[in-house]
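Dropping run_25.txt in here (compact mmCIF, C-alpha atoms and all ligand atoms):
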# COMPACT_ATOMS: atom_id res chain seq x y z
CA MET A 22 66.02 -42.67 -35.67
CA HIS A 23 67.36 -45.22 -33.19
CA PRO A 24 69.03 -48.14 -34.96
CA ILE A 25 66.84 -51.06 -36.00
CA GLN A 26 67.93 -54.02 -33.92
CA GLU A 27 67.54 -57.67 -34.79
CA GLN A 28 66.40 -60.67 -32.74
CA VAL A 29 65.42 -58.67 -29.66
CA SER A 30 63.92 -60.41 -26.62
CA LEU A 31 60.49 -58.98 -25.76
CA ALA A 32 60.53 -60.27 -22.16
CA GLU A 33 61.34 -56.88 -20.67
CA TYR A 34 58.87 -55.13 -23.02
CA THR A 35 55.85 -57.24 -22.00
CA THR A 36 54.39 -57.21 -18.48
CA LEU A 37 53.81 -60.99 -18.75
CA ARG A 38 57.59 -61.30 -19.38
CA LEU A 39 57.01 -63.39 -22.46
CA PRO A 40 60.04 -65.34 -23.68
CA VAL A 41 59.72 -64.40 -27.35
CA ARG A 42 61.87 -62.40 -29.76
CA ALA A 43 61.12 -59.82 -32.43
CA ARG A 44 62.89 -60.31 -35.77
CA TYR A 45 63.32 -56.51 -35.92
CA PHE A 46 62.87 -53.98 -33.11
CA VAL A 47 63.07 -50.18 -33.05
CA ARG A 48 62.37 -47.44 -30.53
CA VAL A 49 60.82 -44.30 -32.02
CA SER A 50 60.75 -40.95 -30.28
CA SER A 51 59.62 -38.68 -33.13
CA LEU A 52 56.98 -38.71 -35.83
CA SER A 53 59.61 -38.74 -38.56
CA ALA A 54 61.35 -41.75 -36.96
CA LEU A 55 57.97 -43.50 -36.81
CA LYS A 56 57.45 -42.85 -40.53
CA ASP A 57 60.96 -44.16 -41.28
CA ALA A 58 60.17 -47.32 -39.35
CA LEU A 59 56.91 -47.79 -41.27
CA ARG A 60 58.73 -47.32 -44.59
CA PHE A 61 61.26 -49.96 -43.50
CA SER A 62 58.46 -52.42 -42.75
CA GLN A 63 56.70 -51.61 -46.04
CA ASP A 64 59.92 -52.04 -48.06
CA LYS A 65 60.60 -55.41 -46.50
CA GLY A 66 56.92 -56.51 -46.42
CA LEU A 67 57.07 -57.00 -42.65
CA GLN A 68 54.21 -57.37 -40.19
CA LEU A 69 54.11 -54.63 -37.59
CA LEU A 70 53.64 -54.81 -33.83
CA VAL A 71 53.15 -51.45 -32.13
CA LEU A 72 54.22 -51.57 -28.53
CA GLY A 73 53.46 -49.27 -25.63
CA GLU A 74 54.36 -50.88 -22.31
CA GLY A 75 53.19 -54.34 -23.38
CA SER A 76 50.68 -54.52 -20.51
CA ASN A 77 47.73 -55.72 -22.57
CA LEU A 78 49.06 -58.26 -25.01
CA VAL A 79 50.01 -61.91 -25.25
CA ILE A 80 52.54 -63.01 -27.85
CA ARG A 81 52.52 -66.74 -28.55
CA GLU A 82 55.71 -67.11 -30.54
CA ASP A 83 58.67 -65.20 -31.95
CA PHE A 84 57.37 -62.20 -33.92
CA PRO A 85 58.66 -62.39 -37.50
CA GLY A 86 58.15 -58.68 -38.30
CA LEU A 87 59.09 -55.25 -36.94
CA CYS A 88 58.22 -54.34 -33.37
CA VAL A 89 57.95 -50.56 -32.91
CA LYS A 90 58.32 -49.34 -29.33
CA LEU A 91 56.61 -45.93 -29.15
CA GLU A 92 58.55 -43.37 -27.13
CA LEU A 93 56.94 -40.14 -28.40
CA SER A 94 56.91 -37.75 -25.45
CA GLY A 95 55.49 -34.38 -24.39
CA VAL A 96 52.42 -32.84 -22.78
CA LYS A 97 50.72 -29.64 -23.97
CA VAL A 98 48.28 -27.67 -21.80
CA ASP A 99 45.79 -25.40 -23.55
CA PRO A 100 43.35 -23.45 -21.31
CA GLN A 101 39.93 -22.77 -22.86
CA PRO A 102 37.53 -19.92 -22.20
CA GLY A 103 35.20 -20.88 -19.34
CA GLY A 104 37.73 -22.80 -17.23
CA ALA A 105 38.10 -26.10 -19.07
CA VAL A 106 41.59 -27.12 -20.15
CA GLN A 107 42.58 -29.20 -23.16
CA VAL A 108 45.57 -31.36 -22.37
CA THR A 109 47.35 -33.24 -25.15
CA ALA A 110 49.81 -36.01 -24.34
CA ALA A 111 52.08 -37.85 -26.76
CA ALA A 112 51.53 -41.59 -27.20
CA GLY A 113 54.70 -42.71 -25.43
CA GLU A 114 54.02 -40.89 -22.17
CA SER A 115 53.42 -43.23 -19.23
CA TRP A 116 49.68 -43.26 -18.48
CA HIS A 117 50.08 -43.10 -14.70
CA GLY A 118 52.80 -40.44 -15.03
CA PHE A 119 50.37 -38.37 -17.10
CA VAL A 120 47.54 -38.81 -14.58
CA LEU A 121 49.90 -37.68 -11.81
CA TYR A 122 51.13 -34.70 -13.85
CA CYS A 123 47.52 -33.58 -14.37
CA LEU A 124 46.70 -33.98 -10.67
CA GLU A 125 49.74 -31.95 -9.66
CA HIS A 126 48.84 -29.18 -12.14
CA GLY A 127 45.23 -28.84 -10.96
CA LEU A 128 43.88 -30.52 -14.13
CA HIS A 129 41.24 -32.86 -12.77
CA GLY A 130 39.10 -35.68 -14.09
CA LEU A 131 41.53 -38.57 -14.52
CA GLU A 132 42.02 -39.51 -10.83
CA ASN A 133 39.89 -42.70 -11.05
CA LEU A 134 42.24 -43.97 -13.78
CA ALA A 135 45.40 -43.72 -11.66
CA LEU A 136 47.90 -46.58 -11.64
CA ILE A 137 46.65 -48.26 -14.83
CA PRO A 138 49.83 -49.54 -16.50
CA GLY A 139 50.67 -48.63 -20.08
CA CYS A 140 51.17 -45.63 -22.31
CA VAL A 141 48.85 -42.77 -23.23
CA GLY A 142 48.74 -43.94 -26.87
CA ALA A 143 47.26 -47.31 -25.94
CA SER A 144 44.62 -45.88 -23.61
CA PRO A 145 42.00 -45.35 -26.37
CA VAL A 146 42.60 -48.79 -27.91
CA GLN A 147 40.48 -50.53 -25.30
CA ASN A 148 38.95 -47.37 -23.80
CA VAL A 149 40.70 -47.98 -20.49
CA GLY A 150 38.46 -47.77 -17.49
CA ALA A 151 38.40 -48.18 -13.74
CA TYR A 152 36.35 -47.17 -10.71
CA GLY A 153 33.47 -45.68 -12.65
CA VAL A 154 35.38 -43.68 -15.30
CA GLU A 155 36.50 -44.62 -18.82
CA ILE A 156 38.74 -42.49 -20.99
CA LYS A 157 35.82 -41.85 -23.33
CA ASP A 158 34.38 -39.73 -20.47
CA ARG A 159 37.42 -37.40 -20.51
CA MET A 160 38.80 -37.62 -24.04
CA LEU A 161 38.15 -34.99 -26.68
CA ALA A 162 40.07 -36.17 -29.74
CA LEU A 163 43.17 -37.99 -30.88
CA SER A 164 45.65 -37.90 -33.69
CA ALA A 165 46.74 -41.09 -35.46
CA LEU A 166 49.06 -42.02 -38.30
CA ASP A 167 47.72 -44.18 -41.11
CA ARG A 168 50.08 -47.16 -41.34
CA GLN A 169 49.68 -47.40 -45.11
CA THR A 170 49.62 -43.78 -46.34
CA LEU A 171 51.70 -42.28 -43.47
CA GLN A 172 49.13 -39.46 -43.25
CA LEU A 173 47.93 -38.06 -39.93
CA ARG A 174 44.21 -38.21 -39.20
CA SER A 175 42.21 -36.59 -36.40
CA PHE A 176 39.60 -38.70 -34.64
CA THR A 177 36.74 -37.14 -32.70
CA LEU A 178 35.23 -38.96 -29.74
CA ALA A 179 32.44 -40.29 -31.99
CA ASP A 180 34.97 -41.54 -34.59
CA CYS A 181 36.54 -43.78 -31.93
CA GLU A 182 33.33 -45.85 -31.50
CA PHE A 183 34.10 -46.48 -27.85
CA GLY A 184 32.46 -49.28 -25.88
CA TYR A 185 33.29 -51.26 -22.76
CA ARG A 186 36.99 -52.21 -23.22
CA ASP A 187 36.48 -51.57 -26.93
CA SER A 188 37.05 -49.03 -29.71
CA VAL A 189 37.31 -48.77 -33.47
CA PHE A 190 41.07 -49.46 -33.05
CA LYS A 191 40.30 -52.93 -31.66
CA GLY A 192 37.57 -53.54 -34.23
CA ARG A 193 36.91 -52.11 -37.68
CA LEU A 194 40.20 -50.15 -37.94
CA ARG A 195 42.39 -52.64 -36.11
CA ASP A 196 46.03 -52.46 -37.26
CA ARG A 197 45.27 -49.50 -39.54
CA TYR A 198 46.35 -46.53 -37.36
CA ILE A 199 49.04 -45.68 -34.83
CA ILE A 200 47.79 -43.24 -32.22
CA VAL A 201 50.42 -40.51 -31.79
CA SER A 202 48.69 -38.18 -29.30
CA VAL A 203 45.51 -37.96 -27.27
CA THR A 204 43.68 -34.80 -26.15
CA PHE A 205 41.66 -34.74 -22.92
CA LEU A 206 39.21 -32.16 -21.62
CA LEU A 207 39.97 -31.56 -17.94
CA SER A 208 39.16 -28.86 -15.48
CA ALA A 209 40.16 -27.35 -12.14
CA ASN A 210 36.71 -28.16 -10.75
CA ALA A 211 35.78 -31.43 -12.48
CA SER A 212 33.07 -33.35 -10.63
CA ARG A 213 34.47 -36.36 -8.83
CA VAL A 214 33.15 -39.89 -9.38
CA THR A 215 33.07 -41.51 -5.95
CA ASN A 216 30.08 -43.85 -6.10
CA TYR A 217 31.79 -46.96 -7.50
CA GLY A 218 31.18 -49.89 -5.12
CA GLY A 219 34.76 -51.09 -4.71
CA LEU A 220 36.08 -47.56 -4.16
CA ARG A 221 33.89 -46.18 -1.36
CA GLU A 222 35.62 -48.16 1.40
CA TRP A 223 38.97 -46.60 0.47
CA LEU A 224 37.77 -42.98 0.55
CA PRO A 225 38.36 -40.93 3.72
CA CYS A 226 35.04 -39.05 3.33
CA SER A 227 32.08 -38.65 0.98
CA ASP A 228 33.50 -35.51 -0.66
CA PRO A 229 37.20 -36.25 -1.16
CA SER A 230 39.69 -33.86 -2.70
CA PRO A 231 41.16 -34.90 -6.07
CA ARG A 232 44.33 -36.00 -4.24
CA GLU A 233 42.30 -38.09 -1.76
CA LEU A 234 40.42 -39.69 -4.65
CA PHE A 235 43.69 -40.43 -6.49
CA ASP A 236 45.22 -41.92 -3.32
CA ALA A 237 42.13 -44.07 -2.66
CA VAL A 238 42.18 -45.47 -6.20
CA CYS A 239 45.90 -46.28 -5.88
CA ALA A 240 45.34 -47.97 -2.51
CA ALA A 241 42.38 -50.04 -3.79
CA ARG A 242 44.37 -51.15 -6.84
CA ARG A 243 47.49 -52.02 -4.83
CA ALA A 244 45.40 -54.17 -2.47
CA LYS A 245 43.85 -56.20 -5.30
CA LEU A 246 46.07 -56.30 -8.35
CA PRO A 247 49.57 -57.77 -8.52
CA ALA A 248 52.31 -55.36 -9.66
CA PRO A 249 53.66 -56.75 -12.95
CA ALA A 250 57.25 -56.09 -11.84
CA GLU A 251 56.70 -58.53 -8.97
CA LEU A 252 54.31 -60.99 -10.60
CA PRO A 253 54.03 -60.71 -14.39
CA ASN A 254 50.42 -60.23 -15.60
CA VAL A 255 48.21 -58.20 -17.95
CA GLY A 256 45.48 -57.17 -15.47
CA SER A 257 42.02 -58.66 -16.08
CA PHE A 258 42.43 -61.51 -18.55
CA PHE A 259 38.73 -61.61 -19.49
CA LYS A 260 36.08 -58.93 -19.96
CA ASN A 261 33.14 -58.95 -17.56
CA PRO A 262 30.43 -60.62 -19.67
CA VAL A 263 27.05 -59.00 -20.30
CA VAL A 264 23.99 -61.28 -20.37
CA GLY A 265 20.34 -60.60 -21.18
CA GLU A 266 17.49 -60.34 -18.67
CA SER A 267 16.29 -63.97 -18.93
CA ALA A 268 19.79 -65.48 -18.72
CA HIS A 269 20.43 -63.24 -15.71
CA GLN A 270 17.25 -64.42 -13.98
CA ALA A 271 18.12 -68.06 -14.66
CA LEU A 272 21.61 -67.59 -13.21
CA LEU A 273 20.28 -65.76 -10.13
CA LYS A 274 17.92 -68.64 -9.44
CA ARG A 275 20.81 -71.12 -9.42
CA PHE A 276 23.37 -68.76 -7.82
CA PRO A 277 21.62 -66.28 -5.51
CA ARG A 278 24.96 -64.67 -4.57
CA LEU A 279 25.87 -63.95 -8.21
CA VAL A 280 27.68 -60.58 -8.50
CA SER A 281 26.06 -58.55 -11.29
CA TYR A 282 24.73 -55.09 -12.06
CA PRO A 283 22.44 -53.61 -14.69
CA VAL A 284 23.99 -52.02 -17.79
CA ALA A 285 22.59 -51.00 -21.17
CA GLY A 286 21.46 -54.20 -22.88
CA GLY A 287 21.37 -56.45 -19.85
CA PHE A 288 23.44 -57.30 -16.78
CA LYS A 289 27.19 -57.27 -16.38
CA LEU A 290 28.51 -60.27 -14.45
CA ALA A 291 31.72 -60.17 -12.41
CA ALA A 292 33.89 -62.65 -14.30
CA GLY A 293 36.22 -62.76 -11.28
CA TRP A 294 33.33 -64.03 -9.14
CA LEU A 295 32.41 -66.75 -11.68
CA ILE A 296 36.03 -67.96 -11.95
CA ASP A 297 36.45 -67.80 -8.18
CA GLN A 298 33.21 -69.78 -7.57
CA ALA A 299 34.39 -72.39 -10.06
CA GLY A 300 37.40 -72.99 -7.81
CA TRP A 301 40.14 -71.56 -10.02
CA LYS A 302 41.48 -68.87 -7.68
CA GLY A 303 45.11 -69.60 -6.79
CA LYS A 304 45.23 -72.67 -9.11
CA ILE A 305 48.72 -73.34 -10.46
CA ASP A 306 49.13 -74.77 -13.96
CA GLY A 307 52.81 -75.44 -14.57
CA ALA A 308 54.59 -72.08 -14.79
CA VAL A 309 51.37 -70.02 -14.91
CA ALA A 310 48.55 -69.54 -12.42
CA VAL A 311 45.31 -67.83 -11.49
CA HIS A 312 46.16 -65.04 -9.04
CA ARG A 313 45.42 -65.94 -5.44
CA ASN A 314 43.65 -62.63 -4.64
CA GLN A 315 41.94 -61.83 -7.95
CA ALA A 316 40.63 -64.72 -10.05
CA LEU A 317 40.35 -62.51 -13.15
CA VAL A 318 44.14 -62.09 -13.30
CA LEU A 319 46.39 -64.79 -14.79
CA VAL A 320 50.04 -64.62 -13.79
CA ASN A 321 53.35 -65.90 -15.10
CA GLN A 322 55.19 -67.42 -12.15
CA GLY A 323 58.54 -67.64 -13.91
CA ASP A 324 59.24 -69.19 -17.26
CA GLY A 325 55.66 -69.45 -18.54
CA THR A 326 54.93 -68.68 -22.19
CA GLY A 327 52.04 -67.04 -24.03
CA VAL A 328 50.96 -70.53 -25.08
CA ASP A 329 50.85 -71.63 -21.40
CA ILE A 330 48.76 -68.60 -20.46
CA LEU A 331 46.33 -69.16 -23.34
CA ARG A 332 46.00 -72.86 -22.51
CA LEU A 333 45.02 -71.97 -18.95
CA ALA A 334 42.63 -69.28 -20.26
CA GLY A 335 41.02 -71.86 -22.56
CA ARG A 336 40.47 -74.28 -19.67
CA ILE A 337 38.83 -71.54 -17.62
CA GLN A 338 36.60 -70.51 -20.54
CA ALA A 339 35.47 -74.12 -21.08
CA ASP A 340 34.72 -74.61 -17.38
CA ILE A 341 32.75 -71.34 -17.07
CA ARG A 342 30.77 -72.22 -20.20
CA GLN A 343 29.92 -75.64 -18.77
CA ARG A 344 29.04 -74.45 -15.25
CA PHE A 345 27.28 -71.15 -15.98
CA ASP A 346 26.55 -71.23 -19.73
CA VAL A 347 28.48 -67.94 -19.96
CA GLU A 348 31.08 -67.07 -22.60
CA LEU A 349 34.23 -65.29 -21.36
CA GLU A 350 35.96 -63.06 -23.90
CA ILE A 351 39.72 -62.57 -23.62
CA GLU A 352 40.59 -58.90 -22.98
CA PRO A 353 44.26 -58.52 -24.07
CA ARG A 354 45.28 -58.60 -27.72
CA ILE A 355 46.70 -61.95 -28.82
CA TYR A 356 49.56 -62.15 -31.34
P1 LIG A 401 50.32 -52.48 -25.10
O1 LIG A 401 50.10 -53.68 -24.28
O2 LIG A 401 51.72 -52.17 -25.50
O3 LIG A 401 49.42 -52.58 -26.40
C1 LIG A 401 48.09 -53.07 -26.32
C2 LIG A 401 47.48 -53.06 -27.73
O4 LIG A 401 47.33 -51.71 -28.17
C3 LIG A 401 48.37 -53.74 -28.78
O5 LIG A 401 47.53 -54.34 -29.74
C4 LIG A 401 49.15 -52.58 -29.38
O6 LIG A 401 49.58 -52.83 -30.71
C5 LIG A 401 48.11 -51.48 -29.35
N1 LIG A 401 48.71 -50.16 -29.22
C6 LIG A 401 49.54 -49.73 -28.24
N2 LIG A 401 49.86 -48.44 -28.44
C7 LIG A 401 49.23 -48.05 -29.56
C8 LIG A 401 49.17 -46.83 -30.29
N3 LIG A 401 49.83 -45.76 -29.89
N4 LIG A 401 48.42 -46.79 -31.42
C9 LIG A 401 47.75 -47.89 -31.84
N5 LIG A 401 47.77 -49.07 -31.20
C10 LIG A 401 48.50 -49.15 -30.08
N6 LIG A 401 43.07 -51.76 -18.34
C11 LIG A 401 41.95 -51.09 -18.03
O7 LIG A 401 41.20 -50.66 -18.91
N7 LIG A 401 41.60 -50.85 -16.73
C12 LIG A 401 42.35 -51.28 -15.70
O8 LIG A 401 42.02 -51.05 -14.54
C13 LIG A 401 43.54 -52.00 -15.99
N8 LIG A 401 44.31 -52.48 -15.00
C14 LIG A 401 45.45 -53.15 -15.29
C15 LIG A 401 46.23 -53.63 -14.22
C16 LIG A 401 47.39 -54.31 -14.47
C17 LIG A 401 48.23 -54.80 -13.30
C18 LIG A 401 47.81 -54.55 -15.81
C19 LIG A 401 49.10 -55.27 -16.08
C20 LIG A 401 47.04 -54.11 -16.88
C21 LIG A 401 45.84 -53.41 -16.62
N9 LIG A 401 45.01 -52.94 -17.66
C22 LIG A 401 43.89 -52.23 -17.35
C23 LIG A 401 45.36 -53.19 -19.07
C24 LIG A 401 46.39 -52.18 -19.65
O9 LIG A 401 47.01 -51.47 -18.63
C25 LIG A 401 45.75 -51.19 -20.62
O10 LIG A 401 45.10 -51.87 -21.66
C26 LIG A 401 46.77 -50.22 -21.22
O11 LIG A 401 46.12 -49.20 -21.92
C27 LIG A 401 47.76 -50.92 -22.16
O12 LIG A 401 48.78 -49.99 -22.48
P2 LIG A 401 50.16 -50.46 -23.09
O13 LIG A 401 50.92 -49.24 -23.47
O14 LIG A 401 50.84 -51.39 -22.20
O15 LIG A 401 49.66 -51.22 -24.41
N1 LIG A 402 35.40 -61.14 -7.20
C1 LIG A 402 35.39 -62.35 -6.56
N2 LIG A 402 36.52 -63.12 -6.61
C2 LIG A 402 37.64 -62.74 -7.27
C3 LIG A 402 37.64 -61.49 -7.94
C4 LIG A 402 36.49 -60.71 -7.89
O1 LIG A 402 34.40 -62.74 -5.96
O2 LIG A 402 38.61 -63.49 -7.27
C5 LIG A 402 34.22 -60.27 -7.11
C6 LIG A 402 34.54 -59.08 -6.18
O3 LIG A 402 34.29 -59.40 -4.86
C7 LIG A 402 33.63 -58.01 -6.69
C8 LIG A 402 33.50 -58.33 -8.17
O4 LIG A 402 33.94 -59.67 -8.35
O5 LIG A 402 32.37 -58.15 -6.10
C9 LIG A 402 34.30 -57.38 -9.06
O6 LIG A 402 35.68 -57.43 -8.71
P1 LIG A 402 36.62 -56.14 -8.78
O7 LIG A 402 35.99 -54.99 -8.07
O8 LIG A 402 37.98 -56.56 -8.37
O9 LIG A 402 36.62 -55.71 -10.29
P2 LIG A 402 36.69 -56.54 -11.64
O10 LIG A 402 35.33 -56.59 -12.24
O11 LIG A 402 37.37 -57.83 -11.41
C10 LIG A 402 37.08 -54.48 -13.18
C11 LIG A 402 37.96 -54.20 -14.36
C12 LIG A 402 39.33 -53.76 -13.88
C13 LIG A 402 39.17 -52.48 -13.08
C14 LIG A 402 38.24 -52.75 -11.90
C15 LIG A 402 37.92 -51.49 -11.16
C16 LIG A 402 37.24 -55.55 -16.23
C17 LIG A 402 37.49 -56.76 -17.07
N3 LIG A 402 38.06 -55.38 -15.20
O12 LIG A 402 37.64 -55.59 -12.50
O13 LIG A 402 40.14 -53.49 -15.03
O14 LIG A 402 40.41 -52.01 -12.62
O15 LIG A 402 36.99 -53.32 -12.36
O16 LIG A 402 37.07 -50.69 -11.93
O17 LIG A 402 36.33 -54.78 -16.51
C18 LIG A 402 41.64 -54.51 -16.57
O18 LIG A 402 40.83 -54.23 -17.46
O19 LIG A 402 42.74 -55.06 -16.82
C19 LIG A 402 41.32 -54.21 -15.20
C20 LIG A 402 42.11 -54.53 -14.17

Translate this file's structure into structure tokens.
Amino acid sequence: MHPIQEQVSLAEYTTLRLPVRARYFVRVSSLSALKDALRFSQDKGLQLLVLGEGSNLVIREDFPGLCVKLELSGVKVDPQPGGAVQVTAAAGESWHGFVLYCLEHGLHGLENLALIPGCVGASPVQNVGAYGVEIKDRMLALSALDRQTLQLRSFTLADCEFGYRDSVFKGRLRDRYIIVSVTFLLSANASRVTNYGGLREWLPCSDPSPRELFDAVCAARRAKLPAPAELPNVGSFFKNPVVGESAHQALLKRFPRLVSYPVAGGFKLAAGWLIDQAGWKGKIDGAVAVHRNQALVLVNQGDGTGVDILRLAGRIQADIRQRFDVELEIEPRIY
């Protein structure tokens, strides 16, 4: 096991570059090291913060417990009869690195999810999604360690209770399991999802190769989303809200250019459009701001804190509630 360090700055471990410290911090690159770390936290009665790349969390203040940076690595490829391939990746693998590895090995199906920051192990936590695909569409199963009993448990797709930016690991079983590996079902001839509105304009043709699809997704993302290394952020700060039929009709009457589309249970509204219409795009609030190209992204311009980001988020939520009678739910996990 790597040594357990004390009073470690989490700025370089969070894509918002948050100026907070962890009381204890350890990198783990094996299952046994992970168990040792959990025993350490149990013995000392410490809270635990499991960290991938820190691209979907906000930490308000110094963390008084043990921060475990997952560095479990490895990819296993297991061809199945009939042409499908099961691919298992360890939790600490870079998500984009894994998507690229699959592309380069003819294992298709993950191209739409290229360039999403973070680690493989975090991808099921909020069922990461982009450009018409969510990981629930490609995942088969995962293996997770019970934080209390230190036993491994297998989760099927159904066990994960996936929803839009949601899973059992964000809800009912939050803080109970650490995902150690995820298995995907890919194939050499996976059908390609190319009909997502914001993607079509980036595709060279209507029937792109997997590489062309991957490149188009990367280009679309680079044009819209700030790279955290240049401008610290956590991607979309709010989920796109879903409203019922009558609320949707009422909004359309007042705002004929409202961006929305039908989903199960109602209509999904583009939160970025609402925030943009309310005049927040590019607004600076001390050291933090609303991104100038994408109103759904809040950025840290320098020495902003988690508290600054959440204060700005709260102001936006209150304004959107007042103007549109719509509730915006924060997407990243708050500590
Ligand atoms: P972290 O931020 O380290 O952790 C997030 C949460 O998951 C924490 O609560 C953490 O404790 C928990 N966690 C992490 N690893 C594990 C594990 N192995 N087991 C159990 N719990 C764990 N998301 C999308 O869905 N679609 C997008 O298109 C998208 N675009 C983004 C663009 C940018 C520029 C950025 C900065 C973020 C974007 N995100 C997007 C959000 C983010 O990339 C994903 O949520 C990603 O999966 C987070 O991975 P991570 O390793 O950084 O997780
Ligand atoms: N829009 C505006 N102004 C803005 C931003 C957006 O008018 O400032 C409008 C756009 O013109 C478009 C609509 O809102 O008509 C949707 O915008 P976009 O295509 O950029 O997507 P999004 O809804 O903002 C979602 C996900 C992203 C994901 C993309 C692509 C959520 C919360 N966000 O963004 O995921 O990459 O679609 O599929 O669902 C993330 O979760 O962190 C994330 C980046």

With 6 Å of padding per side, what axis-aligned box (centre and edge lengths, Å, one decimal) covers all the listed atoms of segment 298-303 of chain A? Give it as lines of an AutoDock Vina configuration file.
center_x = 39.2
center_y = -70.9
center_z = -8.4
size_x = 23.9
size_y = 16.1
size_z = 15.3

At most 8 Å from ligand LIG 402 (chain A) (only C-alpha atoms and all ligand atoms): residue list as a PyMOL selection string: chain A and resi 77+137+149-154+185-186+217-219+242+245-246+255-261+280+291-298+302+312-318+352

Best match for closeness to Arg344 of chain A among A:Trp116, A:Arg278, A:Leu272, A:Gly327, counting all atoms listed in the file: A:Leu272

Contacts of segment 124-127 of chain A within 8 Å, all atoms listed in the file, excl. fewer than 5 positions in-chain, as a PyMOL selection string: chain A and resi 132+208-209+231-232

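The coordinates place atom CA of Ala211 of chain A at 15.2 Å from atom CA of Pro102 of chain A.
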
Mind checking which residues fall within 8 Å of segment 50-63 of chain A, counting only C-alpha atoms, ignoring those fewer than 6 positions away in the same chain, and posting them as a PDB file with C-alpha atoms, keeping the file's coordinate frame?
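So result-v7.pdb came out as:
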ATOM      1  CA  MET A  22      66.020 -42.670 -35.670  1.00  0.00           C
ATOM      2  CA  HIS A  23      67.360 -45.220 -33.190  1.00  0.00           C
ATOM      3  CA  LEU A  69      54.110 -54.630 -37.590  1.00  0.00           C
ATOM      4  CA  GLY A  86      58.150 -58.680 -38.300  1.00  0.00           C
ATOM      5  CA  LEU A  87      59.090 -55.250 -36.940  1.00  0.00           C
ATOM      6  CA  VAL A  89      57.950 -50.560 -32.910  1.00  0.00           C
ATOM      7  CA  LEU A  91      56.610 -45.930 -29.150  1.00  0.00           C
ATOM      8  CA  GLU A  92      58.550 -43.370 -27.130  1.00  0.00           C
ATOM      9  CA  LEU A  93      56.940 -40.140 -28.400  1.00  0.00           C
ATOM     10  CA  SER A  94      56.910 -37.750 -25.450  1.00  0.00           C
ATOM     11  CA  GLY A 113      54.700 -42.710 -25.430  1.00  0.00           C
ATOM     12  CA  ARG A 168      50.080 -47.160 -41.340  1.00  0.00           C
ATOM     13  CA  LEU A 171      51.700 -42.280 -43.470  1.00  0.00           C
ATOM     14  CA  VAL A 201      50.420 -40.510 -31.790  1.00  0.00           C
TER      15      VAL A 201
END

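The closest residue to ligand LIG 401 (chain A), picked from A:Glu155, A:Glu82, A:Glu33, A:Asp99 and counting all atoms listed in the file, is A:Glu155.
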
Contacts of ligand LIG 401 (chain A), 7 Å or closer, all atoms listed in the file, given as a ChimeraX atom specification: /A:36,70-78,91,112,137-144,146-151,186,190,198-201,246-249,254-257,354

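Using only C-alpha atoms, the nearest neighbour of Phe205 of chain A within the list A:Gly118, A:Gly287, A:Pro100, A:Pro229 is A:Pro100.
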
Residue among A:Ala165, A:Val203, A:Ile337, A:Ala240 lying closest to Val96 of chain A, counting only C-alpha atoms: A:Val203

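Straight-line separation from atom CA of Arg336 of chain A to atom CA of Val311 of chain A: 11.5 Å.
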
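Taking atom CA of Ile341 of chain A and atom CA of Leu273 of chain A as endpoints, the distance between them is 15.3 Å.
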